[in-house]
Amino acid sequence: MGSTDGQVSPQPTTAYGAHAKKRKAGDDAEEAVSPVPVVGPFGMLTSTAHGREPDALRQARVDLAACYRMLDRLGLNEGIDNHLTVMVPGTRDRFLCISYGLAWSEVTASNLLLLNEAGEVLAGSGCPDPTAFFIHSRIHKAHPHATAILHTHMPQATALCCLEDMELKMINQNAARFYDEIAYDDDYNGLVLGQAEGDRMAKAMGSKRVLMHQNHGVITTGDSVAEAFDELYYLERAAQVQNLAYATGRPLKFINPDCLGEYKANVNKFRGCWADSHFAAQKRILFKTPGYADFAS
């Protein structure tokens with residue numbers, strides 16, 4: 001490409017370092033290109049591809065890896081347990097998941113597993129936690145907003161799940177965003193090691209974006225990784241406020257019910273842009289935090 005000063009401008013590149021080109025209808029999205037490393041922020045290696053994934057799949061990998069790192073940095077994970085998944089864009093039967101045994105601080109875009117609905121590993125090394133497959137595959141299949149699913153045992157919300165009355169009370173603004181959005185499952189049957197229990201949990205969740213599972217933990221869903229992350233983040237903050245309020249031993253002050261419907265309407269209206277902005281901010285923090293900036297590699 002030329003320029004007005006006589007110099008040659010660099011050709012645009014894809015995320016994989018190969019020269020970009022216009023794709024015609026019918027082009028194979030998996031067309032192979034020579035592997036070219038790409039060095040990004042902080043000198044991190046962002047790709048050593050031996051073929052080009054579709055851009056949307058690459059972005060899904062980056063977003064999910066970032067989410068693992070965010071929750072690790074925030075202390076909302078638990079050892080090598082818990083799991084986050086996202087559907088492969090344009091499919092309803094393939095999703096990305098962590099390889100069991102990795103610390104969340106080790107997750108990168110390139111080491112995520114690609115699974116099909118039978119639990120077969122289509123790309124990547126290792127295997128998923130069986131509970132991850134049986135929980136996530138069934139909810140992905142059944143839930144209208146389960147493009148992304150995050151399951152954690154984060155402390156504040158899980159503490160509520162350990163109470164006889166585990167309901168999130170409408171006592172603060174963060175809680176209000178979950179008005180009529182949480183399913184409560186009080187049937188704990190141990191480790192989820194079969195399709196039947198996964199289906200039972202999916203049925204208990206219905207179309208709610210959040211499931212609180214008694215004696216276990218929580219699940220959030222979203223139409224994107226950003227939305228599921230935003231739900232998880234504010235669910236934990238709302239639960240923390242509720243636990244602190246309980247600790248005073250004084251009566252709870254509930255939000256006027258007349259406000260809740262209007263507030264939730266605003267949440268529904270702005271959910272996507274709020275989530276995208278928050279997720280982008282958390283990514284910037286990762287880039288600035290030693291040990292976390294290589295999530296896109």
# chains A, B, ... in the order shown; residues from 1 in each chain; ligands from 1
>>> residues_around(residues="Phe229 (chain A)", least_positions_apart="4", cutoff="10 Å", atoms="only C-alpha atoms", output="JSON, numbers by chain")
{"A": [64, 67, 68, 70, 71, 84, 148, 149, 150, 220, 221, 222, 224, 225, 233, 234, 235, 275, 276, 278, 279]}
>>> residues_around(residues="region 55-57 of chain A", least_positions_apart="4", cutoff="7 Å", atoms="only C-alpha atoms", output="PyMOL selection string")
chain A and resi 61+88-89
>>> select_by_dssp(residues="region 177-287 of chain A", states="alpha helix (DSSP H)", output="JSON, numbers by chain")
{"A": [195, 196, 197, 198, 199, 200, 201, 202, 203, 204, 205, 225, 226, 227, 228, 229, 230, 231, 232, 233, 234, 235, 236, 237, 238, 239, 240, 241, 242, 243, 244, 245, 246, 247, 248, 257, 258, 259, 260, 261, 262, 263, 264, 265, 266, 267, 268, 269, 270, 271, 272, 273, 274, 275, 276, 277, 278, 279, 280, 281, 282, 283, 284, 285, 286, 287]}
>>> residues_around(residues="region 257-270 of chain A", least_positions_apart="6", cutoff="7 Å", atoms="only C-alpha atoms", output="list in words")
Ala176, Arg177 and Tyr179 of chain A
>>> closest_residue(among="A:Arg94, A:His216, A:Arg138, A:Arg58", to="Met154 (chain A)", atoms="only C-alpha atoms")
A:His216
>>> select_by_dssp(residues="region 81-273 of chain A", states="strand (DSSP E or B)", output="PyMOL selection string")
chain A and resi 81+83-87+94-97+113-116+121-123+146+148-152+182-185+210-213+217-222
>>> write_last_selection(atoms="N, CA, C and O atoms", output="short mmCIF file (atom, residue, chain, number, x, y, z; two decimals), in the first residue's frame")
data_model
loop_
_atom_site.label_atom_id
_atom_site.label_comp_id
_atom_site.auth_asym_id
_atom_site.auth_seq_id
_atom_site.Cartn_x
_atom_site.Cartn_y
_atom_site.Cartn_z
N ASP A 81 -9.94 -25.92 41.15
CA ASP A 81 -11.33 -26.30 40.93
C ASP A 81 -12.12 -25.11 40.38
O ASP A 81 -11.57 -24.05 40.15
N HIS A 83 -14.85 -23.64 37.31
CA HIS A 83 -14.64 -23.65 35.87
C HIS A 83 -15.48 -22.59 35.18
O HIS A 83 -16.59 -22.27 35.60
N LEU A 84 -14.90 -22.08 34.10
CA LEU A 84 -15.53 -21.05 33.26
C LEU A 84 -15.51 -21.56 31.83
O LEU A 84 -14.51 -22.13 31.38
N THR A 85 -16.59 -21.37 31.09
CA THR A 85 -16.64 -21.82 29.71
C THR A 85 -17.31 -20.77 28.83
O THR A 85 -18.08 -19.93 29.31
N VAL A 86 -17.04 -20.87 27.53
CA VAL A 86 -17.74 -20.03 26.56
C VAL A 86 -17.96 -20.85 25.30
O VAL A 86 -17.10 -21.64 24.89
N MET A 87 -19.13 -20.68 24.70
CA MET A 87 -19.44 -21.37 23.45
C MET A 87 -18.58 -20.83 22.31
O MET A 87 -18.26 -19.63 22.26
N ARG A 94 -20.07 -26.69 20.80
CA ARG A 94 -18.64 -26.66 21.09
C ARG A 94 -18.36 -25.51 22.06
O ARG A 94 -18.93 -24.44 21.93
N PHE A 95 -17.47 -25.78 23.00
CA PHE A 95 -17.13 -24.71 23.94
C PHE A 95 -15.69 -24.84 24.42
O PHE A 95 -15.06 -25.90 24.30
N LEU A 96 -15.18 -23.75 24.96
CA LEU A 96 -13.82 -23.66 25.49
C LEU A 96 -13.85 -23.84 26.99
O LEU A 96 -14.78 -23.37 27.66
N CYS A 97 -12.82 -24.51 27.52
CA CYS A 97 -12.78 -24.79 28.96
C CYS A 97 -11.32 -24.96 29.39
O CYS A 97 -10.45 -25.30 28.58
N LEU A 113 -8.93 -25.68 26.33
CA LEU A 113 -9.40 -26.82 25.57
C LEU A 113 -10.62 -26.45 24.73
O LEU A 113 -11.46 -25.66 25.15
N LEU A 114 -10.72 -27.06 23.56
CA LEU A 114 -11.92 -26.97 22.74
C LEU A 114 -12.63 -28.31 22.82
O LEU A 114 -12.06 -29.35 22.45
N LEU A 115 -13.86 -28.30 23.35
CA LEU A 115 -14.62 -29.53 23.56
C LEU A 115 -15.87 -29.55 22.70
O LEU A 115 -16.42 -28.50 22.36
N ASN A 116 -16.34 -30.75 22.39
CA ASN A 116 -17.64 -30.87 21.76
C ASN A 116 -18.67 -31.34 22.78
O ASN A 116 -18.34 -31.56 23.95
N VAL A 121 -12.09 -33.86 23.39
CA VAL A 121 -11.18 -32.73 23.23
C VAL A 121 -10.81 -32.61 21.76
O VAL A 121 -10.17 -33.49 21.19
N LEU A 122 -11.24 -31.53 21.14
CA LEU A 122 -10.98 -31.29 19.72
C LEU A 122 -9.68 -30.53 19.50
O LEU A 122 -9.09 -30.61 18.43
N ALA A 123 -9.26 -29.77 20.51
CA ALA A 123 -8.00 -29.03 20.42
C ALA A 123 -7.51 -28.75 21.83
O ALA A 123 -8.30 -28.45 22.73
N ALA A 146 -26.77 -18.57 27.89
CA ALA A 146 -25.56 -19.24 28.34
C ALA A 146 -24.50 -19.33 27.25
O ALA A 146 -23.91 -20.38 27.02
N ALA A 148 -21.79 -17.76 27.75
CA ALA A 148 -20.71 -17.97 28.71
C ALA A 148 -21.31 -18.42 30.04
O ALA A 148 -22.39 -17.96 30.43
N ILE A 149 -20.61 -19.32 30.72
CA ILE A 149 -21.04 -19.83 32.02
C ILE A 149 -19.85 -19.78 32.97
O ILE A 149 -18.77 -20.30 32.64
N LEU A 150 -20.04 -19.16 34.12
CA LEU A 150 -19.00 -19.09 35.14
C LEU A 150 -19.50 -19.78 36.40
O LEU A 150 -20.56 -19.42 36.92
N HIS A 151 -18.75 -20.76 36.87
CA HIS A 151 -19.10 -21.46 38.11
C HIS A 151 -17.95 -21.31 39.10
O HIS A 151 -16.83 -21.72 38.81
N THR A 152 -18.22 -20.72 40.25
CA THR A 152 -17.20 -20.57 41.28
C THR A 152 -17.79 -20.87 42.65
O THR A 152 -19.01 -20.93 42.84
N ILE A 182 -32.44 -14.62 39.93
CA ILE A 182 -31.71 -15.71 40.57
C ILE A 182 -32.62 -16.92 40.76
O ILE A 182 -33.74 -16.79 41.27
N ALA A 183 -32.13 -18.08 40.36
CA ALA A 183 -32.78 -19.35 40.67
C ALA A 183 -32.09 -19.95 41.88
O ALA A 183 -30.85 -19.90 41.98
N TYR A 184 -32.87 -20.50 42.80
CA TYR A 184 -32.33 -21.10 44.02
C TYR A 184 -32.54 -22.60 43.97
O TYR A 184 -33.67 -23.07 43.86
N ASP A 185 -31.43 -23.33 44.05
CA ASP A 185 -31.48 -24.80 43.98
C ASP A 185 -31.05 -25.35 45.34
O ASP A 185 -29.87 -25.27 45.70
N VAL A 210 -28.65 -16.35 36.95
CA VAL A 210 -27.85 -16.74 38.10
C VAL A 210 -28.49 -17.95 38.77
O VAL A 210 -29.71 -18.01 38.92
N LEU A 211 -27.65 -18.90 39.19
CA LEU A 211 -28.10 -20.03 40.01
C LEU A 211 -27.29 -20.02 41.29
O LEU A 211 -26.06 -19.97 41.26
N MET A 212 -27.99 -20.07 42.42
CA MET A 212 -27.33 -20.25 43.72
C MET A 212 -27.68 -21.66 44.18
O MET A 212 -28.85 -21.99 44.38
N HIS A 213 -26.64 -22.49 44.31
CA HIS A 213 -26.82 -23.90 44.61
C HIS A 213 -26.44 -24.16 46.07
O HIS A 213 -25.29 -23.96 46.46
N GLY A 217 -22.20 -23.57 45.61
CA GLY A 217 -21.62 -22.37 45.02
C GLY A 217 -22.59 -21.72 44.07
O GLY A 217 -23.81 -21.95 44.14
N VAL A 218 -22.06 -20.93 43.14
CA VAL A 218 -22.92 -20.15 42.26
C VAL A 218 -22.54 -20.35 40.80
O VAL A 218 -21.42 -20.74 40.47
N ILE A 219 -23.50 -20.06 39.92
CA ILE A 219 -23.29 -20.06 38.48
C ILE A 219 -23.88 -18.78 37.92
O ILE A 219 -25.01 -18.41 38.28
N THR A 220 -23.12 -18.11 37.06
CA THR A 220 -23.68 -16.98 36.31
C THR A 220 -23.56 -17.27 34.82
O THR A 220 -22.65 -17.99 34.39
N THR A 221 -24.47 -16.71 34.05
CA THR A 221 -24.44 -16.86 32.60
C THR A 221 -24.48 -15.47 31.97
O THR A 221 -24.81 -14.48 32.61
N GLY A 222 -24.15 -15.44 30.69
CA GLY A 222 -24.22 -14.19 29.97
C GLY A 222 -24.18 -14.41 28.47
O GLY A 222 -23.75 -15.48 28.00
#
>>> closest_residue(among="A:Gln173, A:Gln59, A:Gln156, A:Ser99", to="Asn111 (chain A)", atoms="only C-alpha atoms")
A:Ser99
>>> atom_distance(atom1="CA of Phe254 (chain A)", atom2="CA of Met170 (chain A)")
5.7 Å
>>> closest_residue(among="A:Arg237, A:Lys203, A:Arg284, A:Leu102", to="Asp129 (chain A)", atoms="only C-alpha atoms")
A:Leu102
>>> closest_residue(among="A:Leu286, A:Leu74, A:Ala196, A:Ala159", to="Ile135 (chain A)", atoms="only C-alpha atoms")
A:Ala196
